[in-house]
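Structure file target_22.cif (mmCIF, C-alpha atoms) is printed below.
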data_protein
loop_
_atom_site.label_atom_id
_atom_site.label_comp_id
_atom_site.auth_asym_id
_atom_site.auth_seq_id
_atom_site.Cartn_x
_atom_site.Cartn_y
_atom_site.Cartn_z
CA MET B 22 141.61 135.58 152.76
CA LYS B 23 143.73 138.37 154.21
CA ARG B 24 141.70 141.58 154.20
CA VAL B 25 143.24 144.95 153.37
CA TYR B 26 141.78 147.94 155.17
CA LEU B 27 142.08 151.21 153.24
CA ASP B 28 139.30 153.24 154.86
CA ASN B 29 141.30 154.93 157.61
CA ASN B 30 139.59 158.29 157.06
CA ALA B 31 136.36 156.68 158.23
CA THR B 32 137.98 154.97 161.22
CA ALA B 33 141.63 154.07 161.69
CA PRO B 34 142.26 150.78 163.54
CA LEU B 35 143.55 151.07 167.10
CA HIS B 36 147.31 151.24 167.19
CA PRO B 37 148.72 148.41 169.37
CA ARG B 38 150.33 150.90 171.77
CA VAL B 39 147.04 152.74 172.12
CA ALA B 40 145.12 149.50 172.64
CA ASP B 41 147.52 148.49 175.42
CA ALA B 42 147.26 151.89 177.11
CA LEU B 43 143.47 151.83 176.91
CA ALA B 44 143.28 148.29 178.28
CA ARG B 45 145.49 149.19 181.25
CA ALA B 46 143.40 152.26 182.01
CA LEU B 47 140.15 150.30 181.82
CA ARG B 48 141.52 147.67 184.19
CA THR B 49 142.87 150.08 186.78
CA LEU B 50 140.54 153.09 186.78
CA HIS B 51 137.38 152.81 188.84
CA GLY B 52 136.58 156.33 189.98
CA ASN B 53 134.59 159.27 188.66
CA ALA B 54 136.92 162.20 187.99
CA SER B 55 134.48 164.53 189.76
CA SER B 56 134.67 162.55 193.02
CA ALA B 57 136.88 163.67 195.92
CA HIS B 58 138.07 160.22 197.00
CA LEU B 59 141.35 158.62 195.91
CA GLU B 60 139.84 156.75 192.97
CA GLY B 61 138.31 159.97 191.69
CA ARG B 62 141.57 161.87 192.10
CA VAL B 63 143.43 159.19 190.14
CA ALA B 64 140.94 159.52 187.27
CA ARG B 65 141.20 163.31 187.42
CA ALA B 66 144.99 163.15 187.29
CA MET B 67 144.85 160.92 184.20
CA ILE B 68 142.57 163.39 182.44
CA GLU B 69 144.70 166.41 183.30
CA ASP B 70 147.90 164.63 182.28
CA ALA B 71 146.28 163.86 178.92
CA ARG B 72 145.10 167.45 178.57
CA GLU B 73 148.63 168.72 179.14
CA LEU B 74 150.12 166.26 176.66
CA ILE B 75 147.59 167.16 173.95
CA ALA B 76 148.22 170.86 174.56
CA GLU B 77 151.95 170.31 174.23
CA LEU B 78 151.57 168.30 171.02
CA LEU B 79 149.27 170.88 169.41
CA ASP B 80 150.95 174.03 170.75
CA ALA B 81 148.01 175.07 172.88
CA GLU B 82 147.44 175.73 176.57
CA PRO B 83 145.87 172.99 178.71
CA GLN B 84 142.88 175.17 179.58
CA GLU B 85 142.18 175.52 175.84
CA VAL B 86 141.57 171.76 175.45
CA LEU B 87 137.98 170.55 175.93
CA PHE B 88 137.02 166.89 175.59
CA THR B 89 133.99 165.81 173.55
CA SER B 90 132.56 162.56 172.21
CA GLY B 91 134.24 163.12 168.85
CA GLY B 92 134.58 165.43 165.87
CA THR B 93 130.87 165.81 165.20
CA GLU B 94 130.13 167.08 168.69
CA ALA B 95 133.22 169.29 168.65
CA ASN B 96 132.15 170.88 165.35
CA ASN B 97 128.61 171.43 166.59
CA LEU B 98 129.81 172.93 169.87
CA ALA B 99 132.20 175.25 168.03
CA LEU B 100 129.62 176.54 165.55
CA HIS B 101 126.93 176.94 168.19
CA GLY B 102 129.30 178.79 170.50
CA LEU B 103 130.84 181.05 167.86
CA LEU B 104 127.50 181.95 166.27
CA THR B 105 126.06 182.83 169.67
CA LEU B 106 129.03 185.09 170.37
CA ARG B 107 128.45 186.95 167.11
CA ARG B 108 124.66 186.97 167.12
CA ALA B 109 124.52 190.76 167.45
CA PHE B 110 126.52 191.33 164.28
CA ASP B 111 124.85 191.67 160.91
CA ALA B 112 127.64 189.64 159.35
CA PRO B 113 127.83 186.42 157.36
CA LEU B 114 128.24 182.84 158.43
CA ALA B 115 130.47 181.33 155.76
CA VAL B 116 131.65 177.75 155.38
CA SER B 117 133.59 176.13 152.57
CA ALA B 118 131.54 174.13 150.08
CA ILE B 119 133.53 170.97 150.89
CA GLU B 120 133.04 170.89 154.66
CA HIS B 121 132.07 167.71 156.49
CA PRO B 122 128.32 167.25 157.12
CA SER B 123 128.90 167.88 160.84
CA VAL B 124 129.78 171.47 159.87
CA LEU B 125 127.49 172.00 156.89
CA GLU B 126 124.29 170.75 158.50
CA PRO B 127 124.46 172.73 161.77
CA ALA B 128 125.55 175.78 159.78
CA ARG B 129 122.43 175.48 157.65
CA ALA B 130 120.24 174.85 160.68
CA TRP B 131 121.57 177.68 162.87
CA ALA B 132 122.28 180.43 160.38
CA CYS B 133 120.01 183.32 161.30
CA ARG B 134 120.86 184.87 157.95
CA GLN B 135 121.64 183.42 154.56
CA LEU B 136 124.52 180.99 154.71
CA GLU B 137 127.40 181.73 152.36
CA LEU B 138 129.26 178.80 150.81
CA ILE B 139 132.87 179.59 150.01
CA PRO B 140 133.62 178.08 146.58
CA VAL B 141 136.58 175.85 145.84
CA THR B 142 138.80 175.40 142.81
CA ALA B 143 138.81 172.39 140.52
CA ASP B 144 141.65 171.06 142.68
CA GLY B 145 139.48 171.20 145.79
CA VAL B 146 141.16 174.17 147.45
CA VAL B 147 139.04 176.94 148.90
CA ASP B 148 138.92 180.21 146.95
CA LEU B 149 141.38 182.16 149.07
CA GLU B 150 140.34 185.61 147.90
CA ALA B 151 136.67 184.94 148.63
CA ALA B 152 137.49 183.50 152.05
CA GLN B 153 139.76 186.41 152.98
CA THR B 154 137.11 188.92 151.95
CA LEU B 155 134.57 187.25 154.21
CA ALA B 156 137.11 186.95 157.03
CA ALA B 157 137.78 190.69 156.85
CA THR B 158 134.08 191.44 157.43
CA PRO B 159 133.71 192.43 161.11
CA GLY B 160 131.63 189.93 163.07
CA SER B 161 131.78 187.19 160.47
CA VAL B 162 132.03 183.53 161.45
CA LEU B 163 133.89 181.19 159.10
CA ALA B 164 134.44 177.44 159.07
CA VAL B 165 137.16 176.04 156.83
CA MET B 166 138.57 172.54 157.34
CA MET B 167 142.31 171.90 157.47
CA ALA B 168 142.30 168.72 155.35
CA ASN B 169 139.37 167.48 153.32
CA ASN B 170 138.09 164.06 154.31
CA GLU B 171 137.25 162.89 150.77
CA VAL B 172 140.05 164.14 148.51
CA GLY B 173 142.67 165.07 151.13
CA THR B 174 143.29 168.66 150.00
CA LEU B 175 145.00 170.94 152.51
CA GLN B 176 143.28 174.27 152.93
CA PRO B 177 145.01 177.67 153.44
CA VAL B 178 143.58 178.14 156.92
CA GLU B 179 146.57 180.15 158.22
CA ARG B 180 146.19 182.72 155.45
CA ILE B 181 142.45 182.95 156.08
CA ALA B 182 143.03 183.41 159.81
CA ALA B 183 145.55 186.16 159.09
CA ALA B 184 142.81 188.10 157.28
CA LEU B 185 140.31 187.92 160.17
CA ALA B 186 138.85 191.22 161.32
CA PRO B 187 139.26 191.80 165.07
CA GLN B 188 135.63 190.81 165.70
CA SER B 189 135.58 187.84 163.33
CA LEU B 190 135.97 184.17 164.23
CA LEU B 191 137.26 181.06 162.45
CA HIS B 192 136.56 177.40 163.22
CA VAL B 193 138.93 174.81 161.76
CA ASP B 194 137.85 171.19 161.47
CA ALA B 195 141.20 169.39 161.83
CA VAL B 196 139.69 165.92 162.18
CA GLN B 197 141.51 164.59 159.09
CA ALA B 198 144.70 166.56 159.77
CA ALA B 199 145.41 165.85 163.43
CA GLY B 200 147.98 163.11 163.82
CA LYS B 201 148.91 163.34 160.13
CA LEU B 202 150.78 166.64 160.13
CA PRO B 203 152.14 169.05 162.75
CA ILE B 204 149.59 171.55 164.08
CA SER B 205 150.28 174.70 166.09
CA PHE B 206 147.02 176.03 167.45
CA HIS B 207 148.61 179.27 168.56
CA SER B 208 150.35 179.93 165.24
CA LEU B 209 147.31 178.93 163.22
CA GLY B 210 145.24 181.86 164.43
CA ALA B 211 141.95 179.94 164.54
CA SER B 212 139.32 180.56 167.20
CA THR B 213 138.48 176.87 167.62
CA LEU B 214 139.83 173.57 166.27
CA SER B 215 138.31 170.10 166.38
CA LEU B 216 139.82 166.60 166.35
CA SER B 217 138.64 163.02 166.78
CA ALA B 218 140.73 160.13 168.15
CA HIS B 219 139.45 157.38 165.87
CA LYS B 220 140.80 159.18 162.81
CA PHE B 221 144.40 158.77 164.06
CA HIS B 222 144.40 155.25 165.49
CA GLY B 223 142.68 156.12 168.76
CA PRO B 224 139.38 154.82 170.14
CA ILE B 225 135.93 155.68 168.86
CA GLY B 226 133.87 157.96 171.09
CA ILE B 227 136.38 160.60 172.16
CA GLY B 228 137.51 163.86 170.59
CA ALA B 229 138.50 167.36 171.56
CA LEU B 230 137.79 170.98 170.78
CA LEU B 231 140.52 173.56 171.20
CA VAL B 232 139.10 176.96 172.15
CA ARG B 233 141.13 180.14 172.39
CA ARG B 234 141.36 181.00 176.06
CA GLU B 235 139.84 184.48 175.71
CA LEU B 236 136.65 183.12 174.12
CA GLU B 237 133.68 182.27 176.33
CA LEU B 238 131.56 179.85 174.32
CA VAL B 239 127.94 179.11 175.12
CA PRO B 240 127.54 175.36 175.80
CA LEU B 241 125.56 173.15 173.48
CA LEU B 242 124.62 170.77 176.33
CA ARG B 243 123.74 171.64 179.93
CA GLY B 244 123.56 169.78 183.20
CA GLY B 245 127.06 169.59 184.65
CA HIS B 246 130.22 171.47 185.51
CA GLN B 247 132.66 169.28 183.61
CA GLU B 248 135.02 170.75 181.00
CA ARG B 249 134.58 174.27 182.35
CA GLY B 250 130.82 173.85 182.05
CA LEU B 251 131.08 173.66 178.26
CA ARG B 252 130.68 169.89 177.98
CA PRO B 253 128.71 168.42 180.88
CA GLY B 254 128.83 164.71 181.62
CA THR B 255 131.26 162.33 183.26
CA GLU B 256 134.58 162.43 181.45
CA PRO B 257 135.70 159.04 180.11
CA ALA B 258 139.20 159.06 181.58
CA PRO B 259 140.44 155.89 179.80
CA LEU B 260 139.32 157.18 176.40
CA ILE B 261 140.87 160.59 177.05
CA HIS B 262 144.13 158.91 178.04
CA ALA B 263 144.03 156.82 174.85
CA LEU B 264 143.37 159.90 172.71
CA ALA B 265 146.51 161.56 174.04
CA ILE B 266 148.62 158.43 173.52
CA ALA B 267 147.33 158.04 169.95
CA LEU B 268 148.19 161.63 169.10
CA GLN B 269 151.64 161.18 170.60
CA VAL B 270 152.24 157.96 168.66
CA CYS B 271 151.24 159.58 165.37
CA LEU B 272 153.22 162.78 165.86
CA GLN B 273 156.37 161.50 167.54
CA ASP B 274 158.13 160.72 164.27
CA GLY B 275 157.61 162.44 160.94
CA GLN B 276 159.17 159.58 158.98
CA HIS B 277 155.93 157.62 158.87
CA ARG B 278 154.30 160.46 156.89
CA GLU B 279 156.92 160.06 154.18
CA GLN B 280 156.35 156.31 154.13
CA ILE B 281 152.57 156.69 153.87
CA THR B 282 152.99 159.22 151.05
CA ARG B 283 155.15 156.76 149.12
CA LEU B 284 152.58 154.01 149.63
CA ARG B 285 149.76 156.30 148.51
CA ASP B 286 151.66 157.22 145.35
CA ARG B 287 152.44 153.54 144.71
CA LEU B 288 148.77 152.68 145.07
CA GLU B 289 147.72 155.44 142.67
CA GLN B 290 150.23 154.34 140.04
CA GLY B 291 149.17 150.71 140.28
CA LEU B 292 145.43 151.40 140.08
CA LEU B 293 145.78 153.83 137.18
CA ALA B 294 147.99 151.35 135.32
CA ALA B 295 145.14 148.87 135.61
CA TRP B 296 142.52 151.42 134.50
CA PRO B 297 144.24 154.10 132.36
CA GLN B 298 140.97 156.00 131.87
CA GLY B 299 141.10 156.94 135.55
CA CYS B 300 142.31 160.16 137.16
CA VAL B 301 143.23 161.29 140.67
CA HIS B 302 141.06 164.07 142.03
CA ALA B 303 143.02 167.07 143.37
CA ARG B 304 146.28 165.53 142.19
CA ASN B 305 147.86 168.95 141.65
CA ALA B 306 146.90 170.33 145.07
CA PRO B 307 148.72 169.86 148.37
CA ARG B 308 147.16 166.82 150.04
CA VAL B 309 147.35 165.07 153.35
CA CYS B 310 149.72 162.13 153.04
CA ASN B 311 147.28 159.23 153.34
CA THR B 312 144.35 160.08 151.06
CA THR B 313 143.64 159.48 147.40
CA ASN B 314 140.34 159.79 145.59
CA ILE B 315 140.33 158.27 142.10
CA CYS B 316 137.74 158.51 139.34
CA PHE B 317 137.56 155.22 137.45
CA ARG B 318 135.82 156.73 134.46
CA GLY B 319 133.51 154.28 132.71
CA LEU B 320 132.94 152.12 135.81
CA ASP B 321 130.28 152.24 138.50
CA GLY B 322 131.93 153.22 141.76
CA GLN B 323 129.47 151.43 144.01
CA GLN B 324 129.78 148.20 142.04
CA LEU B 325 133.56 148.48 142.09
CA LEU B 326 133.55 149.08 145.84
CA LEU B 327 131.46 145.95 146.41
CA ALA B 328 133.67 143.93 144.07
CA LEU B 329 136.76 145.02 145.98
CA ASP B 330 135.09 144.26 149.29
CA ALA B 331 134.23 140.76 148.07
CA ARG B 332 137.92 140.35 147.27
CA GLY B 333 139.05 141.51 150.68
CA VAL B 334 139.75 145.23 150.13
CA ALA B 335 137.90 147.87 152.14
CA CYS B 336 137.66 151.38 150.69
CA SER B 337 134.94 154.03 150.39
CA THR B 338 132.88 156.11 147.99
CA GLY B 339 133.38 159.15 150.23
CA SER B 340 132.56 160.36 153.74
CA ALA B 341 131.27 157.62 156.04
CA CYS B 342 128.83 160.14 157.51
CA SER B 343 127.31 160.59 154.04
CA SER B 344 127.36 156.95 152.94
CA GLY B 345 123.60 156.65 153.21
CA ALA B 346 122.98 159.67 151.02
CA PRO B 347 121.56 158.81 147.57
CA GLY B 348 123.42 161.50 145.65
CA PRO B 349 127.05 161.77 144.57
CA SER B 350 129.71 163.40 146.73
CA HIS B 351 129.02 167.07 147.45
CA VAL B 352 132.78 167.58 147.66
CA LEU B 353 133.42 166.36 144.12
CA LEU B 354 130.44 168.29 142.76
CA ALA B 355 131.74 171.48 144.41
CA MET B 356 135.03 170.89 142.58
CA GLY B 357 133.18 170.87 139.26
CA VAL B 358 133.33 167.09 138.78
CA SER B 359 130.40 165.76 136.74
CA GLU B 360 127.81 163.63 138.50
CA VAL B 361 128.78 160.66 136.32
CA ASP B 362 132.46 160.94 137.25
CA ALA B 363 131.61 161.54 140.91
CA ARG B 364 129.67 158.27 140.96
CA ALA B 365 132.68 156.52 139.41
CA SER B 366 135.04 157.64 142.16
CA LEU B 367 136.47 155.77 145.15
CA ARG B 368 138.44 156.99 148.14
CA PHE B 369 141.38 154.99 149.48
CA SER B 370 142.79 156.18 152.81
CA LEU B 371 145.90 154.60 154.29
CA GLY B 372 147.10 154.55 157.87
CA LEU B 373 150.09 154.09 160.10
CA LEU B 374 149.53 150.31 159.99
CA THR B 375 149.25 150.00 156.19
CA THR B 376 152.06 147.90 154.68
CA PRO B 377 153.66 147.79 151.21
CA GLU B 378 152.41 144.20 150.89
CA GLU B 379 148.84 145.37 151.45
CA VAL B 380 149.17 148.03 148.77
CA ASP B 381 150.49 145.47 146.27
CA LEU B 382 147.70 143.07 147.23
CA THR B 383 145.14 145.81 146.61
CA ILE B 384 146.52 146.48 143.14
CA GLU B 385 146.47 142.77 142.35
CA ARG B 386 142.88 142.34 143.51
CA PHE B 387 141.81 145.52 141.75
CA HIS B 388 142.55 143.90 138.38
CA ASP B 389 140.14 141.08 139.20
CA ALA B 390 137.50 143.48 140.53
CA VAL B 391 137.67 145.58 137.36
CA ASN B 392 137.16 142.49 135.19
CA ALA B 393 134.07 141.66 137.25
CA VAL B 394 132.37 145.04 136.83
CA ARG B 395 133.65 146.36 133.50
CA PRO B 396 130.82 146.98 131.00
CA PRO B 397 130.62 144.51 128.11
CA ALA B 398 132.49 145.65 125.01
#

Could you spell out this file's structure in structure tokens?
Amino acid sequence: MKRVYLDNNATAPLHPRVADALARALRTLHGNASSAHLEGRVARAMIEDARELIAELLDAEPQEVLFTSGGTEANNLALHGLLTLRRAFDAPLAVSAIEHPSVLEPARAWACRQLELIPVTADGVVDLEAAQTLAATPGSVLAVMMANNEVGTLQPVERIAAALAPQSLLHVDAVQAAGKLPISFHSLGASTLSLSAHKFHGPIGIGALLVRRELELVPLLRGGHQERGLRPGTEPAPLIHALAIALQVCLQDGQHREQITRLRDRLEQGLLAAWPQGCVHARNAPRVCNTTNICFRGLDGQQLLLALDARGVACSTGSACSSGAPGPSHVLLAMGVSEVDARASLRFSLGLLTTPEEVDLTIERFHDAVNAVRPPA
């Protein structure tokens, strides 16, 4: 049975060009980038070339690009560093109610004062007025993601950044946006921005944090000089090289975004035709091109997911980092979705490698899966 993979927001499969680049780097690189010998200098050159390419693609400066193990570490480093910078201020730490757990959990753990959750609308978009009010508070630290990982909504981060008081700071989790839409770090106005390679067809285990050059973050880890002393440990040059290639592949041509959007819309129409009681969460909001989250009202989402998996279709009930949690999606609940409807919802996330044939196959298999889990009349 041919399997169809529609869980790219959890991990997107390696793009063939990225896999080839990674394999070549693994075969040819032998040195530690901190070593002075030729092998070390070759590894260092590969890292710095990647840093320059990433900076060019994201409209940043090379010295603003720090490499991490992925989005979770980048988010933790950003929040730890920004909160330490603003420790002296009696000002709020505010994060949107739909942030990824790698932002919400450290925010709750490190907030030296009461954490403020910025509410969102029923369409999953942050309350702009509330966010701008908090941003205008001197010394405040905000975290608002660029694209939500569960429903795909795009957040007004530029307008929030424009409202920042001179002493306030904004972290943007761009893990689900990088590689899917153009990003200008300088125009955005954020203090820090995180990304993770395996969300845009790069390898697992490598990510980056962009940090405005005038900020001096306090490191989360200690014990080495690498990455300006902000991320100690031997840099994985092959993974860093592959991250840069993946970002380049995904951003080099905007036409694929239009194609993925058409496939997403085709998938939504086909699934809703098979289950007319369903609805698309955040359908009226601007969304990243590859993500749809659908409530199949009257069905059990977990049972439907397993039925689809048994028929060769991989999707998700929400964030992979929350998949072990017993409760329904905190994102959907923050949007005002009932617990019953939240438990009836599935996320389908497409990628650069998704084909029209796979979308049609998913719709076909969905009919069979629904018949297997539908309650008796």

> Any idea what the distance is between CA of Gln324 (chain B) and CA of Phe387 (chain B)?
Replying inline: 12.3 Å

> Please, what distance in Å, to one decimal, runs between CA of Pro259 (chain B) and CA of Asp194 (chain B)?
Replying inline: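 The value is 24.0 Å.
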
> Pick the closest to Val193 (chain B) from B:Arg278, B:Arg107, B:His121, B:His246: which is it, counting all atoms listed in the file?
Replying inline: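 Nearest to Val193 (chain B): B:His121.
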
> Mind pulling up the distance from CA of Met166 (chain B) to CA of Val178 (chain B)?
Replying inline: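 For CA of Val178 (chain B) relative to CA of Met166 (chain B), the distance reads 7.5 Å.
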
>> Give me the residues near Ala66 (chain B) as a list in words, where near means some atom within 9 Å (using all atoms listed in the file) and where sequence neighbours in that chain fewer than 5 positions away do not count.
In response: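 Once the adjacent positions are removed, what remains is Ala54, Gly61 and Ala71 of chain B.
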
>> Taking the file as I've supplied it (selection: the PyMOL selection byres ((chain B and resi 353-359) around 10)), which residues are included? Please answer as an MDAnalysis selection string.
In response: chainID B and resid 117:119 139:147 171:172 302:303 314 316 339 349:352 360:366

> When distances are computed from all atoms listed in the file, which of B:Thr313, B:Thr383, B:Thr282, B:Thr89 shows the smallest separation from Arg332 (chain B)?
Replying inline: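 Ranking B:Thr313, B:Thr383, B:Thr282, B:Thr89 by distance to Arg332 (chain B), first place goes to B:Thr383.
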
>> Can you spell out as a PyMOL selection string the set of residues that the PyMOL selection byres ((chain B and resi 329) around 10) selects in the structure I just provided?
In response: chain B and resi 25+323-328+330-336+383+386-391+393

> So what does the PyMOL selection byres ((chain B and resi 199-213) around 6) actually pick up in this one, as a PyMOL selection string?
Replying inline: chain B and resi 79-81+179+182+190-192+195-198+214+221+231-233+268+271-272

>> Can you pull out the residues contacting Leu373 (chain B)? Cut-off 9 Å, using all atoms listed in the file, and skip same-chain residues under 3 positions away; I want them as a ChimeraX atom specification.
In response: /B:33,36,221-222,271,277-278,280-281,311,376
